[in-house]
$ cat entry28.tsv   # TSV, C-alpha atoms
chain	number	residue	atom	x	y	z
Y	95	MET	CA	-23.65	34.07	0.63
Y	96	THR	CA	-24.84	32.81	3.97
Y	97	SER	CA	-25.68	36.37	5.10
Y	98	ALA	CA	-27.66	36.96	1.91
Y	99	ALA	CA	-29.58	33.73	2.49
Y	100	VAL	CA	-30.44	34.75	6.06
Y	101	GLY	CA	-31.51	38.16	4.80
Y	102	LEU	CA	-33.82	36.68	2.17
Y	103	GLU	CA	-35.28	34.25	4.71
Y	104	LEU	CA	-36.03	37.09	7.13
Y	105	ALA	CA	-37.51	39.16	4.29
Y	106	SER	CA	-39.80	36.29	3.35
Y	107	TRP	CA	-41.18	36.20	6.87
Y	108	GLY	CA	-41.54	39.99	6.75
Y	109	ALA	CA	-43.71	39.59	3.64
Y	110	ILE	CA	-46.04	37.33	5.60
Y	111	ALA	CA	-46.35	40.01	8.28
Y	112	ALA	CA	-47.05	42.81	5.74
Y	113	ALA	CA	-50.60	44.07	5.21
Y	114	TRP	CA	-50.82	42.81	1.63
Y	115	HIS	CA	-53.29	40.78	-0.25
Y	116	PRO	CA	-52.98	37.08	0.78
Y	117	ALA	CA	-52.12	36.01	-2.75
Y	118	ALA	CA	-49.38	38.65	-3.00
Y	119	GLN	CA	-48.03	37.60	0.38
Y	120	LEU	CA	-47.81	33.95	-0.74
Y	121	ILE	CA	-46.07	34.76	-4.02
Y	122	VAL	CA	-43.51	37.12	-2.43
Y	123	PHE	CA	-42.87	34.66	0.43
Y	124	THR	CA	-42.39	31.76	-1.97
Y	125	LEU	CA	-39.95	33.65	-4.18
Y	126	LEU	CA	-37.89	35.02	-1.29
Y	127	HIS	CA	-37.90	31.69	0.55
Y	128	ALA	CA	-36.88	29.82	-2.64
Y	129	GLY	CA	-34.00	32.25	-3.17
Y	130	ALA	CA	-32.89	31.82	0.46
Y	131	SER	CA	-33.09	28.00	0.15
Y	132	ALA	CA	-31.04	28.08	-3.06
Y	133	LEU	CA	-28.33	30.26	-1.44
Y	134	PHE	CA	-28.27	27.99	1.63
Y	135	ALA	CA	-27.92	24.91	-0.59
Y	136	ILE	CA	-24.98	26.43	-2.50
Y	137	ALA	CA	-23.30	27.57	0.72
Y	138	LEU	CA	-23.77	24.19	2.42
Y	139	GLN	CA	-22.47	22.26	-0.57
Y	140	ARG	CA	-19.27	24.31	-0.55
Y	141	LEU	CA	-18.77	23.44	3.12
Y	142	LEU	CA	-18.99	19.71	2.46
Y	143	PRO	CA	-15.80	17.65	1.85
Y	144	ALA	CA	-15.02	17.08	-1.82
Y	145	PRO	CA	-16.20	13.41	-1.99
Y	146	TYR	CA	-19.65	14.43	-0.69
Y	147	ARG	CA	-20.21	17.14	-3.31
Y	148	GLU	CA	-20.86	14.67	-6.10
Y	149	PRO	CA	-23.16	14.34	-7.91
Y	150	ARG	CA	-23.32	18.13	-7.77
Y	151	ILE	CA	-26.83	18.74	-9.25
Y	152	ASN	CA	-28.52	16.01	-7.21
Y	153	GLY	CA	-26.80	17.23	-4.06
Y	154	LEU	CA	-27.96	20.78	-4.61
Y	155	LEU	CA	-31.55	19.62	-5.25
Y	156	CYS	CA	-31.52	17.57	-2.04
Y	157	LEU	CA	-30.24	20.47	0.06
Y	158	PHE	CA	-32.63	22.90	-1.61
Y	159	SER	CA	-35.62	20.61	-1.01
Y	160	ILE	CA	-34.86	20.25	2.70
Y	161	GLY	CA	-34.50	24.00	3.14
Y	162	PHE	CA	-37.52	24.89	0.98
Y	163	PHE	CA	-40.07	22.42	2.37
Y	164	ILE	CA	-39.03	23.00	5.99
Y	165	PRO	CA	-38.97	26.81	6.16
Y	166	PHE	CA	-36.22	28.30	8.31
Y	167	LEU	CA	-35.78	25.19	10.50
Y	168	GLY	CA	-34.64	23.03	7.55
Y	169	ALA	CA	-31.88	25.38	6.45
Y	170	LEU	CA	-30.88	26.18	10.04
Y	171	GLY	CA	-30.77	22.49	10.97
Y	172	LEU	CA	-28.66	21.56	7.93
Y	173	PHE	CA	-26.26	24.41	8.56
Y	174	THR	CA	-25.86	23.51	12.26
Y	175	THR	CA	-25.37	19.78	11.72
Y	176	THR	CA	-22.86	20.42	8.92
Y	177	LEU	CA	-20.75	22.67	11.12
Y	178	LEU	CA	-20.87	20.15	13.97
Y	179	ALA	CA	-19.84	17.30	11.67
Y	180	LEU	CA	-16.93	19.32	10.27
Y	181	HIS	CA	-15.58	20.50	13.63
Y	182	LEU	CA	-16.46	17.46	15.78
Y	183	PRO	CA	-15.74	14.43	13.56
Y	184	LYS	CA	-16.33	10.92	14.83
Y	185	ARG	CA	-13.23	9.33	16.28
Y	186	LEU	CA	-11.81	6.39	14.37
Y	187	ARG	CA	-11.57	3.21	16.40
Y	188	ASN	CA	-9.10	0.41	15.82
Y	189	THR	CA	-10.91	-2.71	14.69
Y	190	PRO	CA	-9.88	-5.58	17.00
Y	191	TRP	CA	-10.23	-8.18	14.24
Y	192	GLU	CA	-9.17	-8.64	10.64
Y	193	VAL	CA	-11.47	-9.96	7.94
Y	194	THR	CA	-9.84	-12.93	6.18
Y	195	GLN	CA	-11.13	-14.25	2.89
Y	196	PHE	CA	-11.54	-18.01	2.58
Y	197	PRO	CA	-9.06	-19.54	0.10
Y	198	PRO	CA	-10.55	-21.27	-2.95
Y	199	LEU	CA	-11.29	-24.98	-3.14
Y	200	PRO	CA	-9.89	-27.56	-2.60
Y	201	TYR	CA	-8.32	-25.93	0.43
Y	202	ARG	CA	-11.71	-25.52	2.14
Y	203	PRO	CA	-14.10	-28.50	2.21
Y	204	LEU	CA	-17.70	-28.07	1.15
Y	205	ILE	CA	-18.93	-29.82	4.31
Y	206	VAL	CA	-17.42	-28.96	7.67
Y	207	SER	CA	-16.73	-32.16	9.58
Y	208	PRO	CA	-14.45	-33.41	12.34
Y	209	GLN	CA	-12.26	-35.05	9.70
Y	210	PRO	CA	-8.98	-33.35	8.65
Y	211	MET	CA	-9.26	-30.52	6.15
Y	212	TYR	CA	-7.12	-32.42	3.64
Y	213	SER	CA	-8.80	-35.79	3.25
Y	214	GLU	CA	-8.14	-38.51	0.73
Y	215	GLY	CA	-11.80	-38.74	-0.26
Y	216	GLY	CA	-12.09	-35.00	-0.89
Y	217	MET	CA	-9.00	-34.78	-3.09
Y	218	THR	CA	-10.00	-37.94	-4.96
Y	219	ALA	CA	-13.45	-36.50	-5.68
Y	220	VAL	CA	-11.89	-33.31	-7.04
Y	221	LEU	CA	-9.59	-35.24	-9.38
Y	222	ARG	CA	-12.40	-37.47	-10.65
Y	223	HIS	CA	-15.35	-35.12	-10.95
Y	224	VAL	CA	-14.19	-31.47	-11.20
Y	225	ALA	CA	-13.92	-30.30	-14.81
Y	226	ASN	CA	-11.75	-27.27	-14.09
Y	227	PRO	CA	-8.08	-28.32	-14.52
Y	228	ASP	CA	-6.94	-25.53	-12.19
Y	229	LYS	CA	-8.95	-27.10	-9.36
Y	230	ARG	CA	-7.41	-30.51	-10.07
Y	231	HIS	CA	-3.97	-28.90	-10.13
Y	232	GLN	CA	-4.70	-27.34	-6.73
Y	233	ALA	CA	-5.83	-30.74	-5.42
Y	234	VAL	CA	-2.47	-32.24	-6.37
Y	235	MET	CA	-0.66	-29.35	-4.73
Y	236	ALA	CA	-2.73	-29.83	-1.57
Y	237	THR	CA	-1.27	-33.32	-1.08
Y	238	ARG	CA	1.91	-31.62	0.14
Y	239	HIS	CA	0.07	-31.03	3.43
Y	240	MET	CA	-0.98	-34.68	3.79
Y	241	ARG	CA	0.81	-37.73	5.09
Y	242	ASP	CA	2.59	-39.76	2.43
Y	243	GLN	CA	0.33	-42.76	3.03
Y	244	GLU	CA	-2.72	-40.64	2.12
Y	245	ALA	CA	-1.07	-38.48	-0.54
Y	246	ILE	CA	0.47	-41.21	-2.72
Y	247	PRO	CA	-2.84	-42.90	-3.80
Y	248	ILE	CA	-4.13	-39.46	-4.80
Y	249	LEU	CA	-0.98	-38.72	-6.78
Y	250	ARG	CA	-1.26	-42.08	-8.55
Y	251	LEU	CA	-4.83	-41.19	-9.54
Y	252	ALA	CA	-3.58	-37.82	-10.83
Y	253	LEU	CA	-1.16	-39.65	-13.15
Y	254	LYS	CA	-4.23	-40.61	-15.23
Y	255	ASP	CA	-5.45	-37.02	-15.59
Y	256	ALA	CA	-6.20	-35.76	-19.09
Y	257	VAL	CA	-4.21	-32.54	-18.60
Y	258	ASP	CA	-0.44	-32.72	-19.01
Y	259	ASP	CA	0.31	-30.18	-16.27
Y	260	VAL	CA	-1.62	-32.19	-13.67
Y	261	ARG	CA	0.04	-35.46	-14.70
Y	262	LEU	CA	3.54	-33.98	-14.73
Y	263	LEU	CA	3.07	-32.36	-11.32
Y	264	ALA	CA	1.84	-35.63	-9.81
Y	265	TYR	CA	4.72	-37.56	-11.38
Y	266	SER	CA	7.23	-35.01	-10.10
Y	267	MET	CA	5.87	-35.19	-6.55
Y	268	LEU	CA	5.81	-39.00	-6.56
Y	269	SER	CA	9.31	-39.13	-7.95
Y	270	SER	CA	10.64	-36.77	-5.29
Y	271	LYS	CA	9.15	-38.89	-2.49
Y	272	GLU	CA	10.70	-42.04	-3.94
Y	273	GLN	CA	14.05	-40.34	-4.48
Y	274	VAL	CA	14.22	-39.30	-0.83
Y	275	ILE	CA	13.77	-42.89	0.36
Y	276	ASN	CA	16.12	-44.33	-2.29
Y	277	ALA	CA	18.82	-41.79	-1.44
Y	278	ARG	CA	18.53	-42.71	2.23
Y	279	LEU	CA	18.70	-46.40	1.34
Y	280	LYS	CA	21.73	-45.94	-0.88
Y	281	LYS	CA	23.58	-44.09	1.86
Y	282	ARG	CA	22.84	-46.75	4.48
Y	283	LEU	CA	23.67	-49.65	2.18
Y	284	SER	CA	27.02	-48.03	1.43
Y	285	GLN	CA	27.73	-47.84	5.16
Y	286	LEU	CA	27.23	-51.57	5.76
Y	287	PRO	CA	30.70	-52.80	4.63
Y	288	GLN	CA	32.53	-50.15	6.70
Y	289	GLU	CA	30.52	-50.54	9.92
Y	290	LYS	CA	32.35	-52.64	12.53
Y	291	ASN	CA	30.39	-51.82	15.69
Y	292	PRO	CA	27.85	-54.66	16.24
Y	293	ALA	CA	25.24	-52.37	17.83
Y	294	HIS	CA	25.53	-49.81	15.03
Y	295	LEU	CA	25.43	-52.59	12.43
Y	296	THR	CA	22.21	-53.97	13.94
Y	297	SER	CA	20.67	-50.50	13.93
Y	298	LEU	CA	21.74	-50.04	10.32
Y	299	HIS	CA	20.03	-53.28	9.24
Y	300	HIS	CA	16.93	-52.19	11.15
Y	301	HIS	CA	16.76	-48.83	9.35
Y	302	ILE	CA	17.40	-50.42	5.95
Y	303	ALA	CA	14.53	-52.86	6.56
Y	304	GLN	CA	12.31	-49.91	7.54
Y	305	ASP	CA	13.20	-48.03	4.36
Y	306	TYR	CA	12.35	-51.03	2.18
Y	307	TRP	CA	9.12	-51.52	4.11
Y	308	GLU	CA	8.25	-47.85	3.62
Y	309	LEU	CA	8.60	-48.24	-0.16
Y	310	ALA	CA	6.04	-51.04	-0.03
Y	311	TRP	CA	3.79	-49.47	2.57
Y	312	LEU	CA	3.51	-46.19	0.65
Y	313	GLY	CA	2.79	-47.98	-2.62
Y	314	LEU	CA	5.97	-46.80	-4.32
Y	315	ALA	CA	6.85	-50.37	-5.37
Y	316	GLU	CA	4.64	-52.66	-7.44
Y	317	GLY	CA	4.79	-56.05	-9.13
Y	318	GLU	CA	8.17	-57.78	-9.20
Y	319	VAL	CA	9.81	-54.75	-7.62
Y	320	LEU	CA	7.45	-55.06	-4.66
Y	321	ALA	CA	8.30	-58.74	-4.22
Y	322	HIS	CA	12.02	-57.91	-4.26
Y	323	VAL	CA	11.56	-55.05	-1.81
Y	324	MET	CA	9.63	-57.24	0.65
Y	325	THR	CA	12.16	-60.07	0.43
Y	326	THR	CA	15.07	-57.68	1.02
Y	327	ALA	CA	13.30	-56.00	3.93
Y	328	ARG	CA	12.68	-59.40	5.54
Y	329	LYS	CA	16.34	-60.37	5.11
Y	330	HIS	CA	17.61	-57.24	6.85
Y	331	VAL	CA	15.12	-57.45	9.71
Y	332	ASP	CA	16.09	-61.11	10.28
Y	333	ILE	CA	19.76	-60.12	10.46
Y	334	ALA	CA	18.95	-57.42	12.98
Y	335	LEU	CA	16.87	-59.86	15.09
Y	336	MET	CA	19.84	-62.22	15.32
Y	337	GLN	CA	21.57	-59.56	17.43
Y	338	GLN	CA	18.52	-58.12	19.25
Y	339	THR	CA	16.12	-60.97	19.91
Y	340	ASP	CA	14.04	-58.97	22.39
Y	341	ALA	CA	13.54	-55.81	20.28
Y	342	ALA	CA	9.80	-55.15	20.12
Y	343	GLY	CA	10.11	-52.82	17.13
Y	344	LEU	CA	11.99	-55.41	15.08
Y	345	HIS	CA	9.45	-58.15	15.82
Y	346	PHE	CA	6.63	-55.76	14.91
Y	347	LEU	CA	8.30	-54.78	11.63
Y	348	ARG	CA	8.89	-58.45	10.81
Y	349	GLY	CA	5.21	-59.17	11.50
Y	350	CYS	CA	4.12	-56.39	9.12
Y	351	ILE	CA	6.41	-57.70	6.37
Y	352	LEU	CA	5.23	-61.32	6.81
Y	353	LEU	CA	1.59	-60.23	6.85
Y	354	ARG	CA	2.13	-58.33	3.58
Y	355	GLN	CA	3.75	-61.45	2.09
Y	356	GLY	CA	0.82	-63.62	3.15
Y	357	ASP	CA	2.68	-65.65	5.79
Y	358	ILE	CA	-0.12	-65.31	8.34
Y	359	LYS	CA	1.08	-67.87	10.88
Y	360	ASN	CA	4.60	-66.46	11.25
Y	361	ALA	CA	3.22	-62.90	11.18
Y	362	CYS	CA	0.97	-63.62	14.18
Y	363	SER	CA	3.94	-65.17	15.97
Y	364	ALA	CA	6.03	-62.05	15.31
Y	365	PHE	CA	3.24	-59.77	16.59
Y	366	SER	CA	2.89	-61.87	19.73
Y	367	LYS	CA	6.64	-61.61	20.36
Y	368	ALA	CA	6.47	-57.83	19.86
Y	369	GLN	CA	3.66	-57.58	22.39
Y	370	ALA	CA	5.56	-59.80	24.85
Y	371	ALA	CA	8.59	-57.54	24.42
Y	372	GLY	CA	6.60	-54.51	25.56
Y	373	LEU	CA	4.85	-53.10	22.47
Y	374	PRO	CA	1.41	-51.65	23.43
Y	375	GLU	CA	-1.48	-53.84	22.37
Y	376	VAL	CA	-3.12	-50.87	20.62
Y	377	GLU	CA	-0.31	-51.15	18.03
Y	378	VAL	CA	-0.61	-54.94	17.62
Y	379	LEU	CA	-4.32	-55.74	17.85
Y	380	PRO	CA	-5.36	-54.18	14.51
Y	381	TYR	CA	-2.77	-56.29	12.67
Y	382	LEU	CA	-3.81	-59.43	14.53
Y	383	ALA	CA	-7.40	-58.62	13.54
Y	384	GLU	CA	-6.32	-58.32	9.89
Y	385	ALA	CA	-4.57	-61.70	10.12
Y	386	ALA	CA	-7.70	-63.25	11.62
Y	387	PHE	CA	-9.81	-61.75	8.83
Y	388	ARG	CA	-7.55	-63.25	6.17
Y	389	GLU	CA	-7.93	-66.66	7.80
Y	390	ARG	CA	-11.71	-66.07	7.97
Y	391	ARG	CA	-11.75	-66.20	11.77
Y	392	PHE	CA	-14.42	-63.54	11.93
Y	393	HIS	CA	-15.28	-64.12	15.59
Y	394	ASP	CA	-11.66	-63.35	16.49
Y	395	VAL	CA	-11.77	-60.19	14.35
Y	396	ARG	CA	-14.65	-58.83	16.42
Y	397	LYS	CA	-13.02	-59.90	19.68
Y	398	LEU	CA	-9.68	-58.29	18.84
Y	399	LEU	CA	-11.16	-54.99	17.64
Y	400	ASN	CA	-13.50	-54.72	20.61
Y	401	ALA	CA	-10.49	-55.18	22.91
Y	402	LEU	CA	-9.04	-51.91	21.64
Y	403	ASP	CA	-9.02	-48.84	23.81
Y	404	PRO	CA	-12.10	-46.64	23.04
Y	405	LEU	CA	-9.84	-43.72	22.15
Y	406	ALA	CA	-7.90	-45.86	19.67
Y	407	ARG	CA	-11.16	-46.92	18.02
Y	408	THR	CA	-11.86	-43.31	17.07
Y	409	HIS	CA	-8.74	-43.05	14.86
Y	410	PRO	CA	-9.85	-42.09	11.30
Y	411	THR	CA	-8.18	-45.13	9.68
Y	412	LEU	CA	-9.72	-47.55	12.16
Y	413	SER	CA	-13.03	-46.08	13.29
Y	414	GLY	CA	-15.09	-47.34	10.36
Y	415	VAL	CA	-13.78	-50.90	10.62
Y	416	ALA	CA	-14.13	-50.96	14.41
Y	417	ASP	CA	-17.73	-49.74	14.20
Y	418	TYR	CA	-18.59	-52.38	11.60
Y	419	TRP	CA	-17.28	-55.23	13.77
Y	420	ARG	CA	-18.78	-53.91	17.00
$ encode --input "entry28.tsv" --output "structure tokens"
Amino acid sequence: MTSAAVGLELASWGAIAAAWHPAAQLIVFTLLHAGASALFAIALQRLLPAPYREPRINGLLCLFSIGFFIPFLGALGLFTTTLLALHLPKRLRNTPWEVTQFPPLPYRPLIVSPQPMYSEGGMTAVLRHVANPDKRHQAVMATRHMRDQEAIPILRLALKDAVDDVRLLAYSMLSSKEQVINARLKKRLSQLPQEKNPAHLTSLHHHIAQDYWELAWLGLAEGEVLAHVMTTARKHVDIALMQQTDAAGLHFLRGCILLRQGDIKNACSAFSKAQAAGLPEVEVLPYLAEAAFRERRFHDVRKLLNALDPLARTHPTLSGVADYWR
């Protein structure tokens, strides 16, 4: 077929060279050249890989048009480039990167900021304002990647959701967090009667007080249960302090419990003892500032917060307050 096309193309040029009437020359040339272009188009299409042959009619018309409107050079150029492409294909290169699709919200925030990807405000906004229950369900699931102190208020908000699946998931996650602490408490309380070593007994009272404090601090206890939890935590930390009077961590924990109970004077005394025992002031000053605020000693609040290390002032939970009292 290719030989016939070349023959027709040469014959068309021979018609131009013949001593005929100009009109006859044009008609013969056009017919022979059209036949040659058609044969070239069919031959070239057969050479192409199967995916490039479709759509068949449009492909043939494209190849025919190039060969017909560019006499000789069009068909020759197409034929040459096709052979080169078939026998000298472009080498495939390994891509040094992999395209990764962004996961759906709420796993990616709408506004990129220096704050953590999983923020309390973002999850709260999803639960309150997003109508799609699947998005709210995903927001509850995302709390698994957050600290308990940030996750629990969000889960409590999810308990009020209108969709049963969202409420049940939030309740299940809250319940599991509480069960972990209660199981740890139960185990340690059962060890108290059998423990005879004074140092181990003091450590056991310390850990029990911490567990009770964690129930209150995380918001897992409310109302009368909260009052009981705080009273029990204070009792155990006082027992531990009877054996370790210079333990900075025990004095600090006692100060936190007293501050939560509203005993500001004794809380400040406990924080001062913790600082004297070696606790860094960056741990104590924010609590002393809270105590001063509750007693309406606003000048002391500013003084205490401004005494913090500049790096500590940038902590997400403290930066806003520190900037306000600057």
$ atom_distance --input "entry28.tsv" --atom1 "atom CA of Leu249 of chain Y" --atom2 "atom CA of Tyr265 of chain Y"
7.4 Å
$ residues_around --input "entry28.tsv" --residues "Asp417 of chain Y" --least-positions-apart "3" --cutoff "12 Å" --atoms "all atoms listed in the file" --output "PyMOL selection string"
chain Y and resi 396+399-400+402+404+406-414+420
$ atom_distance --input "entry28.tsv" --atom1 "atom CA of His115 of chain Y" --atom2 "atom CA of His127 of chain Y"
17.9 Å
$ residues_near_point --input "entry28.tsv" --point "(11.8, -63.7, 5.6)" --cutoff "8 Å" --atoms "all atoms listed in the file" --output "ChimeraX atom specification"
/Y:325,328-329,332,348,352
$ closest_residue --input "entry28.tsv" --among "Y:Gly372, Y:Gly349, Y:Pro247, Y:Pro190" --to "Glu384 of chain Y" --atoms "only C-alpha atoms"
Y:Gly349
$ closest_residue --input "entry28.tsv" --among "Y:Gln243, Y:Thr218, Y:Ser131, Y:Thr176" --to "Phe158 of chain Y" --atoms "all atoms listed in the file"
Y:Ser131
